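Structure, as structure tokens:
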Amino acid sequence: MIGKIFIEKELLDDSYSKRITSFFKASEVVVIDNYTDYFGKYKKPYLQKRDNLNLFVAKKKGNLVKEAPDAYGVSGAPHYYYIHAFNCIYECTYCYLQGYFDSPDLVFFVNHDEIINEIEETIIAHQKSSEKEIWFHAGEFSDTLALSHVTKELPDYYELFKRYPNAFVELRTKSVNTKEIEKLSPIPNMITSFSLSPQSRVKEHDLKTPGLGARIAAIKRLHKLGHPVGIHLDPIIYTEGILDEYEDLIQELASSIPLSQLEYISIGVVRFTKDVFNQVKMNYPTSEFFYSELTKGQDGKIKYPRPIRMWIMNRVRDLCLQSGASPSTTYLCMED
Amino acid sequence: MKLLVFAHRGEAQIFLKNMALKSHPRINDLYVGEKESLLITGEGITEAISKLAFTLGALDKVEEVINIGICGSFDESIEIGSIFSIAHIYAEDEFKSYPCQLTKDKGLDCITAKDRILTENAANKLKNIAPLVDREIWALAKVAKDFGISISAIKLISDHIKEAVICEYIKDSAEDFSDKLYSHYQNQIHQTHDLEEQASFEIFVNTKFYFTLSMRRSISNTLKSLLSKYPQMSEIILLQDIGIEYIEGLDLLPKQRAKELEEALKRKLYPLKYKISEELENLKREIIGNDLNIKFDESLERPGFSFSTHFSSKEDFEIKVKRLQKFDWKKLTDIFEGKF
């Protein structure tokens, strides 16, 4: 799976690094000074991830915690995301990562102690001025759980959030690799959120990801153990049978977990920046996106026109509510 | 015309012997033929950029650049003498990289080095980027891209970079290398190019329609999209589905029927947009007239409308304001909230 592992010299003795290199025993290890000497320095085509995927083990410098855009999560509370990895083992045809970095190679940042410190500082600063909850999201640039059994950083983040019950963390994933979460005692402020799409869409667009059934089984497993779960019905891709497909999905989900017990259901439609759309054209030239109802908006983004967006999201929201979801936690992911 | 580009005359020697080419009257090392021409650039990035740019400026019929030549390999498991297509092109200390058109095989990536790589230290820097190394291909790709011309490449592995200085060996083997490259080119690339045919649809021979060139292009594209969207449908079934028989029977001129056909196909491809557009047209109909033109936001992002008119008098102004006041704002808001 991994071609070469590039590891920064100063991290050779780091315990996270050692775990990673010992997991991928077959991969050649190359010692480098700094991951930026290679990663992003040469533009590497996205689809090389299929057969030429390298892994960088590095130290993240600069801002480790960043303020999230308004569209993130339930509104009213401040939202941040932290960065502990770049890129993903999955290959979703709509993924914005294909136009974001100039390489599909994985980067694991292993200075988790520094990231955790910065999260804690952010929580403390927030608590000085507000009694409101504060949210942190993982998985902005990677899938949080897919390789968590290799990186094994989750318990350290768990210990932090256990101490701050008013600070919430969302671990966003398409994987079913819940082993590391299952080892932890549930806390109400560590939420695993799964992105779900109808199986036909998973097959067509979420390449190399677990199927819908496996994801719902993972949701059921975590719920049974008492771990809070959130759902992202995002990105929704319009098809002629969209309502039937989402009705089936929602009913299947509702038969595994009462929707009212989900922390939230967020609903959003597929959208692209111009750069990402150009990458999609290059990588998946026969994709249905190119003969769909998507249009270039005045802001340069490629998305369904507003009436279609609203039609899709409101119908899917109605389906959720009809199956028992709570109106207050079933929200539309609006970007405008 | 294809332009075959080599760095050295030694690599090109068998091609020059076997192809019907004539020296270009003004450009040294350029040999021109009917369907293929051949250019020898000299070694290195600067030579390659300069020679190819000058040549592409002078020849106006080049459709494809094909780089042919030898390269080194950082990977000892890649056999010397083997031939590969190049998949992606990098250059030492250059961020930009270029995709390369592949032939039949999967291809390997290649990095263009600024200097000859003769030491392991120099090799170590580049081997993490690509398994193959040469001195020109990135420069050729850059120029080809600037001219909007596609590039492909076939490379023969001449040496493993760890080995000692082997320039003499490569020179001695040049004829053999050139022979292998020529055979490869003849067998694989030459035979597989230019196979793409423009899709031709049966509807275009139907005499009940008259298609202008732009309409033909538009209908052809829409049909292609529809056949991709509905892979289980054939052209005939698709046309039946959109009511071709009804359109054929319309009492219209053949060109107008073709326009109806185009609309019907687009309605099939974009059903929601058409439905919204119909709803908006209905809204307009209540107040529109030849003297009052209403336009909705084309991108369907902003509710509301703009209008243009001429007020000829106070009375005319008041009449038109009354008509505008009849506009159904609730219906418009509903449409933009997805209730249509």
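Naming works like this for the structure tokens: A, B, ... for the chains as they're shown, residue 1 at the start of each chain, ligands 1 onward in shown order.
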
Residue list for chain B near chain A as number ranges by chain, 6 Å, only C-alpha atoms = B: 95-97, 225, 270, 299-301, 335-338

Produce a file of the selected residues containing N, CA and C atoms, as a PDB file, in the first residue's frame.
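Below you can see out-v3.pdb, which holds the result:
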```pdb
ATOM      1  N   PHE B  95       8.779  23.179  -9.618  1.00  0.00           N
ATOM      2  CA  PHE B  95       7.501  22.740  -9.054  1.00  0.00           C
ATOM      3  C   PHE B  95       6.601  22.143 -10.132  1.00  0.00           C
ATOM      4  N   LYS B  96       6.568  22.785 -11.295  1.00  0.00           N
ATOM      5  CA  LYS B  96       5.628  22.349 -12.340  1.00  0.00           C
ATOM      6  C   LYS B  96       5.996  20.973 -12.858  1.00  0.00           C
ATOM      7  N   SER B  97       4.989  20.176 -13.081  1.00  0.00           N
ATOM      8  CA  SER B  97       5.215  18.879 -13.688  1.00  0.00           C
ATOM      9  C   SER B  97       4.146  18.688 -14.756  1.00  0.00           C
ATOM     10  N   SER B 225     -23.598  12.932 -23.914  1.00  0.00           N
ATOM     11  CA  SER B 225     -23.815  13.022 -22.464  1.00  0.00           C
ATOM     12  C   SER B 225     -24.966  12.125 -22.032  1.00  0.00           C
ATOM     13  N   TYR B 270     -31.208  17.730 -18.503  1.00  0.00           N
ATOM     14  CA  TYR B 270     -31.269  18.622 -17.331  1.00  0.00           C
ATOM     15  C   TYR B 270     -32.723  18.802 -16.886  1.00  0.00           C
ATOM     16  N   SER B 299     -27.865  32.350 -13.314  1.00  0.00           N
ATOM     17  CA  SER B 299     -27.235  31.266 -12.548  1.00  0.00           C
ATOM     18  C   SER B 299     -28.184  30.710 -11.483  1.00  0.00           C
ATOM     19  N   LEU B 300     -29.382  31.277 -11.412  1.00  0.00           N
ATOM     20  CA  LEU B 300     -30.407  30.830 -10.450  1.00  0.00           C
ATOM     21  C   LEU B 300     -29.892  30.861  -9.017  1.00  0.00           C
ATOM     22  N   GLU B 301     -29.103  31.846  -8.696  1.00  0.00           N
ATOM     23  CA  GLU B 301     -28.584  31.973  -7.334  1.00  0.00           C
ATOM     24  C   GLU B 301     -29.318  33.059  -6.558  1.00  0.00           C
ATOM     25  N   ILE B 335     -39.834  29.000  -5.305  1.00  0.00           N
ATOM     26  CA  ILE B 335     -38.973  28.336  -6.302  1.00  0.00           C
ATOM     27  C   ILE B 335     -37.525  28.319  -5.810  1.00  0.00           C
ATOM     28  N   PHE B 336     -37.075  29.465  -5.292  1.00  0.00           N
ATOM     29  CA  PHE B 336     -35.681  29.535  -4.843  1.00  0.00           C
ATOM     30  C   PHE B 336     -35.436  28.772  -3.543  1.00  0.00           C
ATOM     31  N   GLU B 337     -36.499  28.437  -2.843  1.00  0.00           N
ATOM     32  CA  GLU B 337     -36.356  27.590  -1.643  1.00  0.00           C
ATOM     33  C   GLU B 337     -36.560  26.112  -1.980  1.00  0.00           C
ATOM     34  N   GLY B 338     -36.635  25.826  -3.248  1.00  0.00           N
ATOM     35  CA  GLY B 338     -36.723  24.429  -3.671  1.00  0.00           C
ATOM     36  C   GLY B 338     -38.136  23.892  -3.728  1.00  0.00           C
TER      37      GLY B 338
END
```

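Here CA of Pro210 in chain A is placed at a distance of 12.4 Å from CA of Thr178 in chain A.
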
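Of the residues listed (B:Asp159, B:Glu315, B:Glu235, B:Glu263), B:Asp159 shows the shortest atom-to-atom separation from Ser82 in chain B; distances use only C-alpha atoms.
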
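One distance worth recording is that between CA of Glu11 in chain B and CA of Tyr90 in chain B, which is 22.0 Å.
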
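Assigned to alpha helix (DSSP H) in range 219-275 of chain A, given DSSP computed from backbone atoms, are A:Ile219, A:Lys220, A:Arg221, A:Leu222, A:His223, A:Lys224, A:Ile242, A:Leu243, A:Asp244, A:Glu245, A:Tyr246, A:Glu247, A:Asp248, A:Leu249, A:Ile250, A:Gln251, A:Glu252, A:Leu253, A:Ala254, A:Lys274, A:Asp275.
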
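Nearest to Pro25 in chain B of all the residues B:Ile40, B:Ser200, B:Ala264, B:Ala58 is B:Ala58, counting only C-alpha atoms.
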
Non-local contacts of Ser37 in chain B (9 Å; only C-alpha atoms; under 4 positions in same chain excluded) as an MDAnalysis selection string = chainID B and resid 1:5 21:22 30:33 62

Please measure the separation of CA of Ile49 in chain B and CA of Ala141 in chain B, giving the value in Å to one decimal.
-> 9.1 Å

Run DSSP on the backbone and give me the residues of range 87-253 of chain A it puts in strand (DSSP E), as a PyMOL selection string.
-> chain A and resi 91-92+106-109+134-138+167-173+190-195+206-207+229-236

Can you spit out the residues from that selection as a short mmCIF file (atom, residue, chain, number, x, y, z; two decimals), in the first residue's frame, using N, CA, C and O atoms?
```
data_model
loop_
_atom_site.label_atom_id
_atom_site.label_comp_id
_atom_site.auth_asym_id
_atom_site.auth_seq_id
_atom_site.Cartn_x
_atom_site.Cartn_y
_atom_site.Cartn_z
N GLU A 91 -10.32 7.24 -2.22
CA GLU A 91 -10.28 8.02 -3.46
C GLU A 91 -11.71 8.40 -3.84
O GLU A 91 -12.36 7.69 -4.60
N CYS A 92 -12.18 9.50 -3.30
CA CYS A 92 -13.54 9.94 -3.62
C CYS A 92 -13.46 10.90 -4.81
O CYS A 92 -12.64 11.82 -4.81
N LEU A 106 0.63 10.65 1.53
CA LEU A 106 0.13 10.87 2.88
C LEU A 106 1.19 11.57 3.72
O LEU A 106 2.38 11.31 3.57
N VAL A 107 0.74 12.46 4.58
CA VAL A 107 1.66 13.06 5.56
C VAL A 107 1.04 12.83 6.94
O VAL A 107 -0.11 13.21 7.18
N PHE A 108 1.77 12.19 7.81
CA PHE A 108 1.33 12.05 9.20
C PHE A 108 2.18 12.97 10.05
O PHE A 108 3.41 12.82 10.10
N PHE A 109 1.54 13.92 10.71
CA PHE A 109 2.28 14.78 11.64
C PHE A 109 2.25 14.09 13.00
O PHE A 109 1.18 13.68 13.47
N ILE A 134 -17.36 24.74 22.84
CA ILE A 134 -16.41 25.01 21.76
C ILE A 134 -16.17 23.69 21.02
O ILE A 134 -16.14 22.63 21.64
N TRP A 135 -16.05 23.78 19.70
CA TRP A 135 -15.93 22.56 18.88
C TRP A 135 -14.60 22.48 18.16
O TRP A 135 -14.08 23.48 17.67
N PHE A 136 -14.09 21.27 18.11
CA PHE A 136 -12.87 20.99 17.32
C PHE A 136 -13.18 19.85 16.35
O PHE A 136 -13.89 18.91 16.71
N HIS A 137 -12.66 19.99 15.14
CA HIS A 137 -12.91 18.96 14.14
C HIS A 137 -11.58 18.38 13.66
O HIS A 137 -10.64 19.14 13.40
N ALA A 138 -11.55 17.07 13.57
CA ALA A 138 -10.38 16.41 12.97
C ALA A 138 -10.83 15.88 11.63
O ALA A 138 -12.01 15.61 11.43
N ALA A 167 -15.82 21.13 25.81
CA ALA A 167 -15.14 21.21 24.51
C ALA A 167 -15.41 19.91 23.75
O ALA A 167 -15.17 18.83 24.27
N PHE A 168 -15.94 20.07 22.55
CA PHE A 168 -16.35 18.89 21.77
C PHE A 168 -15.36 18.63 20.64
O PHE A 168 -14.82 19.57 20.06
N VAL A 169 -15.17 17.36 20.37
CA VAL A 169 -14.32 17.02 19.22
C VAL A 169 -15.11 16.09 18.30
O VAL A 169 -15.77 15.16 18.74
N GLU A 170 -15.03 16.40 17.01
CA GLU A 170 -15.68 15.56 16.00
C GLU A 170 -14.61 14.83 15.21
O GLU A 170 -13.71 15.45 14.64
N LEU A 171 -14.72 13.51 15.18
CA LEU A 171 -13.79 12.68 14.41
C LEU A 171 -14.54 12.22 13.16
O LEU A 171 -15.41 11.36 13.23
N ARG A 172 -14.21 12.82 12.04
CA ARG A 172 -15.01 12.58 10.82
C ARG A 172 -14.38 11.46 9.98
O ARG A 172 -13.17 11.46 9.77
N THR A 173 -15.21 10.56 9.50
CA THR A 173 -14.65 9.39 8.80
C THR A 173 -15.61 8.80 7.78
O THR A 173 -16.83 9.01 7.85
N MET A 190 -16.81 13.49 22.73
CA MET A 190 -16.00 12.97 21.62
C MET A 190 -16.96 12.24 20.67
O MET A 190 -17.47 11.17 20.99
N ILE A 191 -17.19 12.86 19.52
CA ILE A 191 -18.23 12.37 18.62
C ILE A 191 -17.60 11.83 17.34
O ILE A 191 -16.82 12.51 16.68
N THR A 192 -17.96 10.61 17.02
CA THR A 192 -17.50 10.05 15.75
C THR A 192 -18.58 10.32 14.71
O THR A 192 -19.74 9.97 14.92
N SER A 193 -18.20 10.97 13.63
CA SER A 193 -19.23 11.28 12.62
C SER A 193 -18.90 10.55 11.33
O SER A 193 -17.77 10.54 10.87
N PHE A 194 -19.91 9.93 10.78
CA PHE A 194 -19.76 9.12 9.57
C PHE A 194 -20.42 9.84 8.39
O PHE A 194 -21.54 10.33 8.51
N SER A 195 -19.73 9.86 7.26
CA SER A 195 -20.33 10.38 6.04
C SER A 195 -20.99 9.22 5.32
O SER A 195 -20.35 8.20 5.08
N ASP A 206 -17.22 6.88 -4.03
CA ASP A 206 -16.35 6.75 -2.84
C ASP A 206 -15.42 5.55 -3.05
O ASP A 206 -15.55 4.52 -2.39
N LEU A 207 -14.49 5.69 -3.99
CA LEU A 207 -13.68 4.55 -4.37
C LEU A 207 -12.79 4.11 -3.20
O LEU A 207 -12.25 4.93 -2.47
N VAL A 229 -22.56 9.54 18.21
CA VAL A 229 -22.35 9.42 16.77
C VAL A 229 -23.07 10.56 16.04
O VAL A 229 -24.19 10.92 16.40
N GLY A 230 -22.42 11.11 15.05
CA GLY A 230 -23.04 12.12 14.18
C GLY A 230 -23.05 11.59 12.75
O GLY A 230 -22.29 10.67 12.41
N ILE A 231 -23.91 12.16 11.93
CA ILE A 231 -24.01 11.69 10.53
C ILE A 231 -23.90 12.88 9.59
O ILE A 231 -24.49 13.93 9.83
N HIS A 232 -23.13 12.68 8.53
CA HIS A 232 -23.10 13.66 7.44
C HIS A 232 -23.71 13.02 6.20
O HIS A 232 -23.13 12.07 5.67
N LEU A 233 -24.87 13.49 5.79
CA LEU A 233 -25.42 13.06 4.50
C LEU A 233 -24.89 14.09 3.50
O LEU A 233 -25.57 15.02 3.11
N ASP A 234 -23.66 13.93 3.15
CA ASP A 234 -22.93 14.98 2.43
C ASP A 234 -21.67 14.35 1.83
O ASP A 234 -20.93 13.69 2.57
N PRO A 235 -21.43 14.46 0.56
CA PRO A 235 -22.16 15.27 -0.40
C PRO A 235 -23.27 14.46 -1.08
O PRO A 235 -23.03 13.33 -1.51
N ILE A 236 -24.43 15.06 -1.19
CA ILE A 236 -25.51 14.41 -1.92
C ILE A 236 -25.34 14.74 -3.40
O ILE A 236 -25.12 15.89 -3.78
#
```

Skipping near chain neighbours, those fewer than 3 positions away, what residues fall within 12 Å of Ile83 in chain A using only C-alpha atoms, listed as a ChimeraX atom specification?
-> /A:59-68,80,86-87,107-112,114-116,118-119,136-144,171

Set the distance at 9 Å and use only C-alpha atoms: which residues neighbour Gly304 in chain B once local chain neighbours fewer than 6 positions away are removed? I'd like the list as a short mmCIF file (atom, residue, chain, number, x, y, z; two decimals) with C-alpha atoms, in the first residue's frame.
```cif
data_model
loop_
_atom_site.label_atom_id
_atom_site.label_comp_id
_atom_site.auth_asym_id
_atom_site.auth_seq_id
_atom_site.Cartn_x
_atom_site.Cartn_y
_atom_site.Cartn_z
CA LYS B 295 -34.90 38.75 -16.66
CA PHE B 296 -34.16 36.36 -13.80
CA ASP B 297 -30.66 35.62 -12.56
CA TRP B 329 -43.19 37.16 -4.97
CA LEU B 332 -40.64 33.21 -6.69
CA THR B 333 -39.40 32.72 -3.11
#
```

Find the residues near Lys162 in chain B: any atom within 9 Å, counting only C-alpha atoms, skip ones fewer than 6 places away on the same chain, and give them as a PDB file with N, CA and C atoms, in the first residue's frame.
```
ATOM      1  N   SER B  73      18.187   4.999 -15.115  1.00  0.00           N
ATOM      2  CA  SER B  73      17.232   4.529 -14.113  1.00  0.00           C
ATOM      3  C   SER B  73      17.895   4.531 -12.739  1.00  0.00           C
ATOM      4  N   PHE B  74      17.162   5.012 -11.740  1.00  0.00           N
ATOM      5  CA  PHE B  74      17.656   4.948 -10.360  1.00  0.00           C
ATOM      6  C   PHE B  74      17.397   3.568  -9.762  1.00  0.00           C
ATOM      7  N   GLU B  76      17.531  -0.299  -9.843  1.00  0.00           N
ATOM      8  CA  GLU B  76      18.314  -1.343 -10.504  1.00  0.00           C
ATOM      9  C   GLU B  76      17.467  -2.503 -11.003  1.00  0.00           C
ATOM     10  N   LEU B 118      26.146  11.800 -12.278  1.00  0.00           N
ATOM     11  CA  LEU B 118      27.258  10.858 -12.342  1.00  0.00           C
ATOM     12  C   LEU B 118      27.634  10.309 -10.965  1.00  0.00           C
ATOM     13  N   THR B 119      27.034  10.867  -9.914  1.00  0.00           N
ATOM     14  CA  THR B 119      27.392  10.408  -8.572  1.00  0.00           C
ATOM     15  C   THR B 119      26.150   9.965  -7.805  1.00  0.00           C
ATOM     16  N   GLU B 120      26.403   9.151  -6.792  1.00  0.00           N
ATOM     17  CA  GLU B 120      25.276   8.644  -6.008  1.00  0.00           C
ATOM     18  C   GLU B 120      24.605   9.782  -5.230  1.00  0.00           C
ATOM     19  N   ALA B 123      22.266  11.491  -7.374  1.00  0.00           N
ATOM     20  CA  ALA B 123      21.138  10.579  -7.643  1.00  0.00           C
ATOM     21  C   ALA B 123      20.171  10.543  -6.476  1.00  0.00           C
TER      22      ALA B 123
END
```
